[in-house]
$ cat run_10.csv   # CSV, C-alpha atoms
chain,number,residue,atom,x,y,z
L,1,MET,CA,106.7,95.3,80.2
L,2,LEU,CA,104.7,96.9,83.0
L,3,VAL,CA,106.8,98.4,85.8
L,4,VAL,CA,105.5,99.9,89.0
L,5,GLN,CA,107.9,102.3,90.6
L,6,LYS,CA,107.5,103.6,94.2
L,7,PHE,CA,109.3,106.8,95.4
L,8,GLY,CA,109.6,107.7,99.1
L,9,GLY,CA,109.4,111.2,100.6
L,10,SER,CA,113.1,111.7,100.8
L,11,SER,CA,113.3,111.2,97.1
L,12,LEU,CA,110.8,114.0,96.5
L,13,ALA,CA,111.9,116.5,99.2
L,14,ASP,CA,112.2,119.5,96.9
L,15,ALA,CA,111.9,120.7,93.3
L,16,ASP,CA,115.4,119.4,92.3
L,17,ARG,CA,114.7,116.0,93.6
L,18,ILE,CA,111.3,115.9,91.9
L,19,ARG,CA,112.9,116.7,88.6
L,20,HIS,CA,115.5,114.0,89.3
L,21,VAL,CA,112.8,111.4,89.9
L,22,ALA,CA,110.9,112.6,86.8
L,23,GLY,CA,114.0,111.7,84.9
L,24,ILE,CA,114.0,108.2,86.3
L,25,ILE,CA,110.3,107.8,85.4
L,26,ALA,CA,110.9,109.2,82.0
L,27,ASN,CA,113.8,106.9,81.3
L,28,GLU,CA,111.7,103.9,82.2
L,29,TYR,CA,108.9,105.1,79.9
L,30,ARG,CA,111.3,105.9,77.0
L,31,GLN,CA,112.5,102.3,77.1
L,32,GLY,CA,109.0,101.4,75.8
L,33,HIS,CA,107.6,100.2,79.2
L,34,GLU,CA,104.3,100.9,80.7
L,35,VAL,CA,104.9,102.9,83.9
L,36,VAL,CA,102.9,103.4,87.1
L,37,ALA,CA,104.7,105.5,89.6
L,38,VAL,CA,103.5,105.5,93.2
L,39,LEU,CA,104.5,108.5,95.3
L,40,SER,CA,104.7,109.3,99.0
L,41,ALA,CA,104.3,112.8,100.4
L,42,GLN,CA,107.4,115.1,100.2
L,43,GLY,CA,109.9,114.9,103.0
L,44,ASP,CA,108.3,115.4,106.4
L,45,THR,CA,105.0,116.7,105.0
L,46,THR,CA,102.9,114.0,106.7
L,47,ASP,CA,104.4,114.8,110.1
L,48,GLU,CA,103.9,118.5,109.5
L,49,LEU,CA,100.3,118.1,108.5
L,50,GLU,CA,99.6,115.9,111.5
L,51,ALA,CA,101.2,118.5,113.8
L,52,ARG,CA,99.0,121.3,112.3
L,53,GLY,CA,95.9,119.2,112.8
L,54,TYR,CA,96.6,118.4,116.4
L,55,GLU,CA,97.5,122.0,117.0
L,56,LEU,CA,94.0,123.0,116.2
L,57,ASN,CA,92.4,120.0,117.9
L,58,PRO,CA,94.4,117.5,120.0
L,59,LYS,CA,91.4,115.1,119.9
L,60,ALA,CA,90.9,115.4,116.1
L,61,SER,CA,88.9,112.5,114.7
L,62,ARG,CA,90.7,109.9,112.6
L,63,ARG,CA,88.4,110.5,109.7
L,64,GLU,CA,89.3,114.2,109.5
L,65,MET,CA,93.0,113.4,110.1
L,66,ASP,CA,92.9,111.0,107.2
L,67,ALA,CA,91.4,113.7,105.0
L,68,LEU,CA,94.2,116.0,106.0
L,69,LEU,CA,97.1,113.6,105.8
L,70,SER,CA,96.1,112.3,102.3
L,71,CYS,CA,96.8,115.8,100.9
L,72,GLY,CA,100.5,115.2,101.0
L,73,GLU,CA,100.5,112.4,98.4
L,74,SER,CA,97.9,114.3,96.3
L,75,MET,CA,100.3,117.2,96.2
L,76,SER,CA,103.2,114.9,95.2
L,77,ILE,CA,101.5,113.4,92.2
L,78,ALA,CA,100.3,116.8,90.9
L,79,LEU,CA,103.8,118.3,91.2
L,80,MET,CA,105.4,115.2,89.5
L,81,ALA,CA,102.8,115.4,86.7
L,82,MET,CA,103.8,119.0,86.1
L,83,ALA,CA,107.5,118.0,86.0
L,84,LEU,CA,106.8,115.2,83.5
L,85,GLU,CA,104.6,117.5,81.4
L,86,ALA,CA,107.6,119.9,81.2
L,87,LEU,CA,109.6,117.0,79.7
L,88,GLY,CA,106.9,116.6,77.0
L,89,LEU,CA,105.6,113.3,78.3
L,90,PRO,CA,102.0,112.1,78.5
L,91,VAL,CA,101.0,111.7,82.2
L,92,ILE,CA,98.0,111.6,84.5
L,93,SER,CA,97.8,111.7,88.3
L,94,LEU,CA,95.3,109.6,90.1
L,95,THR,CA,94.3,109.7,93.8
L,96,GLY,CA,93.6,106.4,95.6
L,97,ARG,CA,89.9,106.9,95.0
L,98,GLN,CA,90.4,107.5,91.3
L,99,ALA,CA,92.6,104.4,91.0
L,100,GLY,CA,89.9,102.2,92.6
L,101,PHE,CA,91.6,101.5,96.0
L,102,LEU,CA,88.6,100.4,98.2
L,103,THR,CA,89.5,99.9,101.8
L,104,ASP,CA,87.8,99.1,105.1
L,105,SER,CA,86.8,101.9,107.4
L,106,GLN,CA,89.6,101.7,110.0
L,107,TYR,CA,90.8,105.3,109.6
L,108,ALA,CA,94.5,105.9,110.0
L,109,ASN,CA,95.3,102.2,109.4
L,110,ALA,CA,93.0,101.0,106.7
L,111,ARG,CA,93.3,97.7,104.9
L,112,ILE,CA,92.8,97.3,101.2
L,113,LYS,CA,89.7,95.3,100.4
L,114,SER,CA,89.8,95.4,96.6
L,115,ILE,CA,91.2,97.3,93.7
L,116,ASP,CA,89.4,98.1,90.5
L,117,PRO,CA,92.3,98.6,88.1
L,118,GLU,CA,90.1,99.7,85.1
L,119,ARG,CA,91.0,103.4,85.3
L,120,MET,CA,94.7,102.7,85.6
L,121,ARG,CA,94.5,100.1,82.8
L,122,THR,CA,92.6,102.6,80.5
L,123,GLU,CA,95.3,105.3,81.1
L,124,LEU,CA,98.1,102.9,80.4
L,125,ASP,CA,96.5,101.8,77.2
L,126,LYS,CA,96.5,105.4,76.1
L,127,ARG,CA,100.3,105.3,76.7
L,128,ASN,CA,100.0,107.7,79.6
L,129,ILE,CA,102.4,107.5,82.6
L,130,VAL,CA,100.2,106.9,85.6
L,131,LEU,CA,101.1,108.7,88.8
L,132,LEU,CA,99.3,107.1,91.8
L,133,ALA,CA,99.0,108.7,95.2
L,134,GLY,CA,100.3,106.2,97.7
L,135,PHE,CA,99.0,105.7,101.3
L,136,GLN,CA,95.4,106.4,100.5
L,137,GLY,CA,92.1,104.9,99.4
L,138,TYR,CA,88.4,105.2,100.0
L,139,ASN,CA,85.8,103.3,102.0
L,140,ARG,CA,82.2,102.3,101.4
L,141,TYR,CA,81.1,105.7,102.7
L,142,ASP,CA,83.2,107.4,100.0
L,143,ASP,CA,85.5,108.8,102.7
L,144,VAL,CA,89.2,109.2,102.2
L,145,THR,CA,91.2,106.6,104.2
L,146,THR,CA,94.9,106.2,104.8
L,147,LEU,CA,96.9,102.9,105.1
L,148,GLY,CA,99.1,103.8,108.0
L,149,ARG,CA,102.8,104.8,108.0
L,150,GLY,CA,104.7,103.0,105.3
L,151,GLY,CA,101.4,102.6,103.4
L,152,SER,CA,102.8,103.8,100.1
L,153,ASN,CA,104.9,100.6,99.9
L,154,THR,CA,101.6,98.7,100.3
L,155,SER,CA,99.9,100.8,97.6
L,156,ALA,CA,102.7,100.1,95.1
L,157,VAL,CA,102.6,96.3,95.7
L,158,ALA,CA,98.8,96.3,95.6
L,159,ALA,CA,98.8,98.2,92.3
L,160,ALA,CA,101.4,95.8,90.9
L,161,ALA,CA,99.3,92.8,91.9
L,162,ALA,CA,96.1,94.3,90.5
L,163,LEU,CA,97.7,95.1,87.2
L,164,LYS,CA,99.8,91.9,87.0
L,165,ALA,CA,103.0,94.0,86.7
L,166,ASP,CA,106.2,92.4,85.6
L,167,LEU,CA,108.2,94.2,88.3
L,168,CYS,CA,107.7,96.5,91.3
L,169,ARG,CA,110.8,98.7,92.0
L,170,ASN,CA,110.9,100.5,95.4
L,171,TYR,CA,113.2,103.5,95.2
L,172,THR,CA,114.5,104.7,98.6
L,173,ASP,CA,117.5,106.6,100.0
L,174,VAL,CA,119.5,103.4,100.3
L,175,ASP,CA,120.7,101.2,97.3
L,176,GLY,CA,119.4,97.9,98.6
L,177,VAL,CA,118.9,95.6,101.6
L,178,TYR,CA,121.9,95.3,103.8
L,179,THR,CA,123.0,92.7,106.3
L,180,ALA,CA,122.6,95.4,108.9
L,181,ASP,CA,121.8,99.1,109.0
L,182,PRO,CA,125.0,100.7,107.6
L,183,ARG,CA,124.6,103.6,110.0
L,184,ILE,CA,125.1,101.1,112.9
L,185,VAL,CA,127.5,98.7,111.1
L,186,PRO,CA,129.7,100.5,108.6
L,187,ASP,CA,130.9,97.3,106.9
L,188,ALA,CA,127.4,95.9,106.4
L,189,ARG,CA,127.1,94.2,103.0
L,190,LYS,CA,124.4,94.7,100.4
L,191,LEU,CA,122.5,91.6,99.5
L,192,ALA,CA,121.9,90.8,95.8
L,193,GLU,CA,118.7,88.9,96.7
L,194,ILE,CA,116.7,87.8,99.6
L,195,THR,CA,113.5,85.8,100.1
L,196,TYR,CA,110.1,87.2,100.9
L,197,ASP,CA,110.1,85.4,104.2
L,198,GLU,CA,113.5,86.8,105.2
L,199,MET,CA,112.5,90.3,104.1
L,200,LEU,CA,109.2,90.0,106.0
L,201,GLU,CA,110.9,89.1,109.2
L,202,LEU,CA,113.5,91.9,108.8
L,203,ALA,CA,110.7,94.4,108.0
L,204,SER,CA,108.8,93.4,111.1
L,205,LEU,CA,111.9,93.5,113.3
L,206,GLY,CA,113.0,97.1,112.7
L,207,ALA,CA,114.6,97.2,109.3
L,208,ASN,CA,113.0,100.3,107.9
L,209,ILE,CA,113.3,99.6,104.2
L,210,LEU,CA,109.9,98.1,103.3
L,211,HIS,CA,106.7,98.0,105.2
L,212,ASN,CA,105.9,94.5,106.4
L,213,ARG,CA,102.4,94.7,105.0
L,214,SER,CA,103.8,95.3,101.5
L,215,VAL,CA,106.2,92.4,101.7
L,216,GLU,CA,103.4,90.1,102.9
L,217,MET,CA,101.2,91.2,100.0
L,218,ALA,CA,104.1,90.7,97.5
L,219,LYS,CA,104.6,87.2,98.7
L,220,ARG,CA,100.8,86.4,98.6
L,221,PHE,CA,100.5,87.6,95.0
L,222,ASN,CA,104.0,86.7,93.9
L,223,VAL,CA,105.0,90.3,92.9
L,224,PRO,CA,108.7,90.5,92.0
L,225,LEU,CA,110.2,93.3,94.2
L,226,GLU,CA,113.5,95.2,93.9
L,227,VAL,CA,114.9,97.7,96.3
L,228,LEU,CA,117.2,100.4,94.9
L,229,SER,CA,118.2,104.0,95.4
L,230,SER,CA,116.6,106.9,93.7
L,231,PHE,CA,119.9,108.8,94.1
L,232,THR,CA,121.9,106.1,92.2
L,233,PRO,CA,119.2,104.5,90.0
L,234,ASP,CA,121.7,102.7,87.8
L,235,VAL,CA,123.3,100.8,90.6
L,236,PRO,CA,121.7,97.3,91.0
L,237,GLY,CA,119.7,96.9,94.1
L,238,THR,CA,118.3,93.9,96.0
L,239,LYS,CA,115.8,91.5,94.5
L,240,ILE,CA,113.1,90.0,96.7
L,241,THR,CA,111.8,86.7,95.4
L,242,GLU,CA,110.2,83.4,96.5
L,243,VAL,CA,113.4,81.5,96.1
L,244,THR,CA,116.9,82.9,95.7
L,245,LYS,CA,119.4,81.6,93.2
L,246,MET,CA,122.2,81.5,95.7
L,247,GLU,CA,122.7,78.9,98.4
L,248,LYS,CA,120.9,80.1,101.5
L,249,MET,CA,123.2,81.7,104.0
L,250,GLN,CA,122.9,80.9,107.7
L,251,VAL,CA,122.1,84.5,108.5
L,252,SER,CA,120.9,87.1,106.0
L,253,GLY,CA,120.6,90.1,108.2
L,254,VAL,CA,120.7,91.6,111.7
L,255,ALA,CA,118.2,94.2,112.9
L,256,ARG,CA,117.2,96.0,116.0
L,257,ASP,CA,114.0,97.6,117.1
L,258,ASN,CA,113.9,100.2,119.8
L,259,ASP,CA,110.1,100.7,119.6
L,260,VAL,CA,109.5,98.1,122.3
L,261,ALA,CA,108.6,97.8,125.9
L,262,ARG,CA,108.6,94.9,128.4
L,263,VAL,CA,105.5,94.3,130.6
L,264,SER,CA,105.7,91.8,133.4
L,265,LEU,CA,102.7,90.5,135.4
L,266,VAL,CA,104.1,89.4,138.8
L,267,ASN,CA,102.6,86.7,141.1
L,268,LEU,CA,99.7,85.5,138.9
L,269,GLU,CA,97.6,82.6,140.1
L,270,ASP,CA,99.1,79.4,138.6
L,271,ARG,CA,95.9,77.9,137.1
L,272,PRO,CA,94.6,77.1,133.6
L,273,GLY,CA,93.1,79.9,131.5
L,274,ILE,CA,95.1,82.8,132.9
L,275,ALA,CA,97.3,83.4,129.9
L,276,ALA,CA,94.3,83.0,127.6
L,277,ARG,CA,92.4,85.7,129.5
L,278,ILE,CA,95.3,88.1,129.5
L,279,PHE,CA,96.1,87.9,125.8
L,280,SER,CA,92.4,87.8,124.8
L,281,LEU,CA,91.8,91.1,126.6
L,282,LEU,CA,94.9,92.7,124.9
L,283,ALA,CA,93.8,91.3,121.5
L,284,LYS,CA,90.3,92.9,121.8
L,285,ALA,CA,92.1,96.2,122.5
L,286,LYS,CA,94.1,95.7,119.3
L,287,VAL,CA,97.4,95.5,121.3
L,288,ASN,CA,99.8,93.3,119.5
L,289,VAL,CA,102.1,91.2,121.7
L,290,ASP,CA,105.5,89.8,120.6
L,291,ILE,CA,107.9,87.9,122.8
L,292,ILE,CA,106.2,86.0,125.6
L,293,LEU,CA,108.0,84.4,128.6
L,294,GLN,CA,106.2,82.5,131.4
L,295,SER,CA,108.1,81.5,134.5
L,296,ILE,CA,107.9,78.1,136.2
L,297,GLY,CA,105.1,78.0,138.8
L,298,ARG,CA,106.1,78.5,142.5
L,299,ASP,CA,103.9,78.6,145.6
L,300,ASP,CA,100.8,78.5,143.3
L,301,THR,CA,101.9,81.6,141.5
L,302,LYS,CA,103.8,82.4,138.3
L,303,ASP,CA,105.0,85.5,136.3
L,304,ILE,CA,104.3,86.3,132.7
L,305,SER,CA,106.4,88.8,130.7
L,306,PHE,CA,105.8,90.0,127.2
L,307,THR,CA,106.7,92.8,124.8
L,308,VAL,CA,104.6,95.4,123.0
L,309,SER,CA,105.4,98.4,120.8
L,310,LEU,CA,105.7,101.7,122.6
L,311,LYS,CA,102.6,103.1,120.8
L,312,ASN,CA,100.5,100.2,122.2
L,313,LEU,CA,102.0,100.4,125.7
L,314,ASP,CA,99.5,102.9,127.3
L,315,ALA,CA,96.5,101.0,125.9
L,316,GLY,CA,97.9,97.7,127.1
L,317,LEU,CA,98.6,99.0,130.6
L,318,ARG,CA,95.1,100.5,130.9
L,319,ILE,CA,93.4,97.2,129.9
L,320,LEU,CA,95.5,95.2,132.4
L,321,ARG,CA,94.9,97.6,135.3
L,322,GLU,CA,91.2,97.8,134.6
L,323,HIS,CA,91.1,94.0,134.8
L,324,GLN,CA,93.7,93.4,137.5
L,325,GLU,CA,91.2,91.8,139.9
L,326,GLN,CA,89.8,89.5,137.1
L,327,ILE,CA,93.3,88.5,136.0
L,328,GLY,CA,94.6,88.1,139.5
L,329,PHE,CA,98.1,89.5,139.4
L,330,GLN,CA,99.9,91.2,142.3
L,331,ASP,CA,102.1,93.7,140.6
L,332,LEU,CA,102.8,95.2,137.1
L,333,VAL,CA,106.4,95.9,136.2
L,334,VAL,CA,107.1,97.9,133.0
L,335,SER,CA,110.4,98.9,131.2
L,336,ASP,CA,110.7,101.0,128.1
L,337,SER,CA,114.5,101.0,128.2
L,338,VAL,CA,114.8,97.8,126.2
L,339,SER,CA,115.5,96.9,122.6
L,340,LYS,CA,114.9,93.8,120.5
L,341,VAL,CA,117.9,92.6,118.5
L,342,SER,CA,117.2,89.9,115.9
L,343,MET,CA,119.0,87.8,113.3
L,344,VAL,CA,117.2,86.4,110.3
L,345,GLY,CA,118.2,83.7,107.8
L,346,ALA,CA,116.4,81.0,105.8
L,347,GLY,CA,119.5,78.8,106.2
L,348,MET,CA,119.2,78.7,110.0
L,349,VAL,CA,116.8,75.8,110.0
L,350,ASN,CA,119.4,73.4,108.5
L,351,ASN,CA,122.4,74.7,110.5
L,352,PRO,CA,122.3,73.7,114.2
L,353,GLY,CA,124.1,76.0,116.6
L,354,VAL,CA,123.3,79.3,114.9
L,355,ALA,CA,121.4,80.6,118.0
L,356,ALA,CA,124.3,79.5,120.2
L,357,ARG,CA,126.8,81.5,118.2
L,358,MET,CA,124.5,84.6,118.5
L,359,PHE,CA,124.3,84.1,122.3
L,360,GLU,CA,128.1,83.6,122.5
L,361,ALA,CA,128.7,86.9,120.6
L,362,LEU,CA,126.5,88.8,123.0
L,363,SER,CA,128.2,87.1,126.0
L,364,ASP,CA,131.6,88.0,124.7
L,365,ALA,CA,130.4,91.6,124.4
L,366,GLY,CA,129.2,91.6,128.0
L,367,ILE,CA,125.5,92.0,127.0
L,368,ASN,CA,122.8,90.4,129.1
L,369,ILE,CA,119.8,88.7,127.5
L,370,GLN,CA,116.5,89.3,129.2
L,371,MET,CA,114.1,87.3,126.9
L,372,ILE,CA,114.4,85.1,123.8
L,373,SER,CA,112.1,84.3,120.9
L,374,THR,CA,112.8,81.9,118.0
L,375,SER,CA,111.3,80.6,114.8
L,376,GLU,CA,112.7,78.6,111.9
L,377,ILE,CA,114.3,81.6,110.3
L,378,LYS,CA,114.6,84.1,113.2
L,379,VAL,CA,116.1,84.5,116.7
L,380,SER,CA,115.3,87.6,118.7
L,381,VAL,CA,116.6,88.7,122.1
L,382,LEU,CA,115.5,91.4,124.4
L,383,ILE,CA,118.3,93.5,125.9
L,384,ASP,CA,119.0,96.9,127.5
L,385,LYS,CA,118.4,99.7,124.9
L,386,ALA,CA,121.8,101.2,125.8
L,387,ASP,CA,123.4,98.0,124.4
L,388,ALA,CA,121.4,97.7,121.2
L,389,ASP,CA,123.8,99.1,118.6
L,390,ARG,CA,126.7,97.4,120.2
L,391,ALA,CA,124.8,94.1,120.1
L,392,VAL,CA,124.0,94.5,116.4
L,393,ARG,CA,127.7,95.0,115.7
L,394,ALA,CA,128.7,92.1,117.8
L,395,VAL,CA,126.3,89.6,116.2
L,396,HIS,CA,127.0,91.0,112.7
L,397,ASP,CA,130.7,90.6,113.2
L,398,ARG,CA,130.3,87.0,114.5
L,399,PHE,CA,128.5,85.9,111.3
L,400,PHE,CA,129.8,88.2,108.6
L,401,GLY,CA,133.2,89.2,109.9
L,402,GLU,CA,134.7,85.8,109.4
L,403,VAL,CA,134.2,85.6,105.7

$ encode --input "run_10.csv" --output "C-alpha cells"
Amino acid sequence: MLVVQKFGGSSLADADRIRHVAGIIANEYRQGHEVVAVLSAQGDTTDELEARGYELNPKASRREMDALLSCGESMSIALMAMALEALGLPVISLTGRQAGFLTDSQYANARIKSIDPERMRTELDKRNIVLLAGFQGYNRYDDVTTLGRGGSNTSAVAAAAALKADLCRNYTDVDGVYTADPRIVPDARKLAEITYDEMLELASLGANILHNRSVEMAKRFNVPLEVLSSFTPDVPGTKITEVTKMEKMQVSGVARDNDVARVSLVNLEDRPGIAARIFSLLAKAKVNVDIILQSIGRDDTKDISFTVSLKNLDAGLRILREHQEQIGFQDLVVSDSVSKVSMVGAGMVNNPGVAARMFEALSDAGINIQMISTSEIKVSVLIDKADADRAVRAVHDRFFGEV
C-alpha cells in the first residue's frame, strides 16, 4: 500500500513536534507501507521569510521571492530526514525540482504542468521513506517556483495522483472536517465523510482545512483523501470521496469568509454589452469575481454589484477607474466591512425550502442580507462583517440544532 502523508506548518513548529511527526511517519512505514511525506514550512516560517525579503526590497521580484520562500519547505524536509535517521530508518528528502514537479512560470502562484515520478518511484523501490518539499516546483527556465499559499496540499495530492497512491492523508491541527468552524460554533460536529464537491465548495468559501486546488485535483484524479490531526493521529478523521456511503444530508457545513469586499457600479448605461465589458476587463487583470447582482433598469440606467477578495480589491478598483469613461458608470461604491456566509450540502438539490430556512434563521437573528448567490449544492449570502460569526451560529443551529 502506498500512502502519501501531508503535514502542515503547525505540526512541524519545533523539534518536539518534528519528532512526533517522525513517529507518525515511522509507524506508517513499519506497517509495511510505502510512504511519501509532503511537508510544509515550520510554523510561521513562510511569513517570516516574506517579511525579511520585503524589508530589504518592498518591490522584490516574484522570482526572487519564490527562491526565498521555497527555503522553508527545504529546511523542513532536511530536519525531518535527520529525525527519521535518528530512528534508524532509511529516508531521503527531495525538493520539488528533484521530485519532477514541472510548473508554469507564474511565480508566487504557479500551476503544476506535469510530474515525472521516476525519482520518487526509484527511491520507494529502494524501501526509502520519501520526504517531499511541498509548495514548490520548477519551470522551463529551471527556476524555483511556488504554488501559492496552501500549495503543500496541492503538492501532496499531485504526488498521490502521479504515483497512483492508495490514500492521501492530510494531517492538520484539527481532527477532521466539521459542520462549522469549532472556534465559532463550539457544538459543531465532525463529519465521517464528505464528497469532493462539498469539500471543494467549503474550501472555496472560507473553510481553511484543504486548499481548493488540492480538492479539485483530488476529484479529477480520483485520489482518496482523509483529513485527520497530527496531534491525535489514532482518532479517525474525515474521508473525502466521490460518493459517500451515508444518505446525503441537506446541509453538510456552514462557512464564512471575511476576505471579501463589495464593489458597486452606480448609474451604468442600461444597454447590451456593458456587463461583458466590465468583467472582461477584470478577467484580463486576473481579478476573480464572485457574487454578482444587477438591478432592474430605470431611466436608462442600472447598477451592478459584485464581490472580490480583499487582495484583488485594489487591482480591480484601479482597472475600473482607468476605464470609467469607457464603461460609463457615474459612481463607484466600495465596502470591505462585509462577509460571505455560506451553507453547502449535496442533498440541497432534492430538498425544496432549504434556502428559505437559511434566510429565516438570519431574519430571526436580525441579520440583513445584502446579496445572494446559489448553486445546486450551495447558498451564499453577503452580510455585515460584524454579524458574520453570529450568522454562522444561527444557520448552523437551524440545520444541526434540531437533530

$ residues_around --input "run_10.csv" --residues "region 279-284 of chain L" --least-positions-apart "4" --cutoff "9 Å" --atoms "all atoms listed in the file" --output "ChimeraX atom specification"
/L:274-275,288-289,315-316,319-320,323

$ closest_residue --input "run_10.csv" --among "L:Ser380, L:Ser264, L:Thr95, L:Ser229" --to "Val130 (chain L)" --atoms "all atoms listed in the file"
L:Thr95

$ residues_around --input "run_10.csv" --residues "Ser230 (chain L)" --least-positions-apart "3" --cutoff "9 Å" --atoms "only C-alpha atoms" --output "number ranges by chain"
L: 7-8, 11, 20-21, 24, 170-175, 233-234

$ residues_around --input "run_10.csv" --residues "Phe221 (chain L)" --least-positions-apart "5" --cutoff "9 Å" --atoms "all atoms listed in the file" --output "list in words"
Val157, Ala158, Ala161 and Glu216 of chain L

$ atom_distance --input "run_10.csv" --atom1 "CA of Arg398 (chain L)" --atom2 "CA of Ala188 (chain L)"
12.4 Å

$ atom_distance --input "run_10.csv" --atom1 "CA of Arg52 (chain L)" --atom2 "CA of Ser155 (chain L)"
25.2 Å

$ residues_around --input "run_10.csv" --residues "Asn258 (chain L)" --least-positions-apart "3" --cutoff "9 Å" --atoms "all atoms listed in the file" --output "VMD selection string"
chain L and resid 206 261 309 to 310 336 to 341 385 388

$ atom_distance --input "run_10.csv" --atom1 "CA of Val379 (chain L)" --atom2 "CA of Val223 (chain L)"
26.9 Å

$ closest_residue --input "run_10.csv" --among "L:Asn57, L:Ser295, L:Gln326, L:Asn128" --to "Ala81 (chain L)" --atoms "all atoms listed in the file"
L:Asn128

$ closest_residue --input "run_10.csv" --among "L:Leu163, L:Ala108, L:Ala37, L:Ala218" --to "Glu242 (chain L)" --atoms "only C-alpha atoms"
L:Ala218

$ closest_residue --input "run_10.csv" --among "L:Met120, L:Val308, L:Ala83, L:Leu225" --to "Leu132 (chain L)" --atoms "only C-alpha atoms"
L:Met120

$ residues_around --input "run_10.csv" --residues "Ala156 (chain L)" --least-positions-apart "2" --cutoff "9 Å" --atoms "all atoms listed in the file" --output "list in words"
Val4, Gln5, Lys6, Val36, Ala37, Val38, Leu39, Leu132, Gly134, Gly151, Ser152, Asn153, Thr154, Ala158, Ala159, Ala160, Ala161, Cys168, Arg169, Asn170 and Ser214 of chain L

$ closest_residue --input "run_10.csv" --among "L:Gly347, L:Leu68, L:Lys302, L:Glu85" --to "Ala22 (chain L)" --atoms "only C-alpha atoms"
L:Glu85

$ closest_residue --input "run_10.csv" --among "L:Leu382, L:Leu191, L:Ala86, L:Ala78" --to "Asp259 (chain L)" --atoms "all atoms listed in the file"
L:Leu382

$ residues_near_point --input "run_10.csv" --point "(102.9, 116.1, 96.2)" --cutoff "12 Å" --atoms "all atoms listed in the file" --output "VMD selection string"
chain L and resid 7 to 9 11 to 15 18 38 to 46 69 to 83 93 to 95 131 to 134

$ residues_near_point --input "run_10.csv" --point "(116.1, 92.7, 113.3)" --cutoff "8 Å" --atoms "only C-alpha atoms" --output "PyMOL selection string"
chain L and resi 201-207+253-257+340-344+380

$ decode --input "run_10.csv" --residues "region 95-100 of chain L" --atoms "all heavy atoms" --output "mmCIF file, in the first residue's frame"
data_model
loop_
_atom_site.group_PDB
_atom_site.id
_atom_site.type_symbol
_atom_site.label_atom_id
_atom_site.label_comp_id
_atom_site.auth_asym_id
_atom_site.auth_seq_id
_atom_site.Cartn_x
_atom_site.Cartn_y
_atom_site.Cartn_z
ATOM 1 N N THR L 95 13.520 17.922 -3.059
ATOM 2 C CA THR L 95 12.871 19.202 -3.361
ATOM 3 C C THR L 95 11.849 18.978 -4.469
ATOM 4 O O THR L 95 11.796 17.908 -5.086
ATOM 5 C CB THR L 95 13.901 20.236 -3.831
ATOM 6 O OG1 THR L 95 14.477 19.782 -5.078
ATOM 7 C CG2 THR L 95 15.001 20.432 -2.793
ATOM 8 N N GLY L 96 11.053 19.990 -4.747
ATOM 9 C CA GLY L 96 10.095 19.885 -5.840
ATOM 10 C C GLY L 96 10.788 19.619 -7.162
ATOM 11 O O GLY L 96 10.306 18.839 -7.991
ATOM 12 N N ARG L 97 11.929 20.250 -7.373
ATOM 13 C CA ARG L 97 12.710 20.037 -8.612
ATOM 14 C C ARG L 97 13.196 18.606 -8.695
ATOM 15 O O ARG L 97 13.071 17.954 -9.740
ATOM 16 C CB ARG L 97 13.910 21.001 -8.634
ATOM 17 C CG ARG L 97 14.896 20.766 -9.787
ATOM 18 C CD ARG L 97 14.253 21.141 -11.109
ATOM 19 N NE ARG L 97 15.143 20.963 -12.244
ATOM 20 C CZ ARG L 97 15.295 19.829 -12.917
ATOM 21 N NH1 ARG L 97 14.661 18.732 -12.526
ATOM 22 N NH2 ARG L 97 16.092 19.761 -13.970
ATOM 23 N N GLN L 98 13.741 18.064 -7.613
ATOM 24 C CA GLN L 98 14.244 16.693 -7.618
ATOM 25 C C GLN L 98 13.128 15.668 -7.796
ATOM 26 O O GLN L 98 13.335 14.590 -8.351
ATOM 27 C CB GLN L 98 14.990 16.423 -6.314
ATOM 28 C CG GLN L 98 16.299 17.199 -6.189
ATOM 29 C CD GLN L 98 16.882 17.118 -4.790
ATOM 30 O OE1 GLN L 98 16.150 17.128 -3.797
ATOM 31 N NE2 GLN L 98 18.206 17.048 -4.704
ATOM 32 N N ALA L 99 11.922 16.033 -7.344
ATOM 33 C CA ALA L 99 10.785 15.122 -7.449
ATOM 34 C C ALA L 99 10.065 15.237 -8.787
ATOM 35 O O ALA L 99 9.096 14.508 -9.027
ATOM 36 C CB ALA L 99 9.802 15.386 -6.315
ATOM 37 N N GLY L 100 10.523 16.158 -9.648
ATOM 38 C CA GLY L 100 9.972 16.228 -11.002
ATOM 39 C C GLY L 100 8.723 17.068 -11.150
ATOM 40 O O GLY L 100 7.942 16.856 -12.089
#
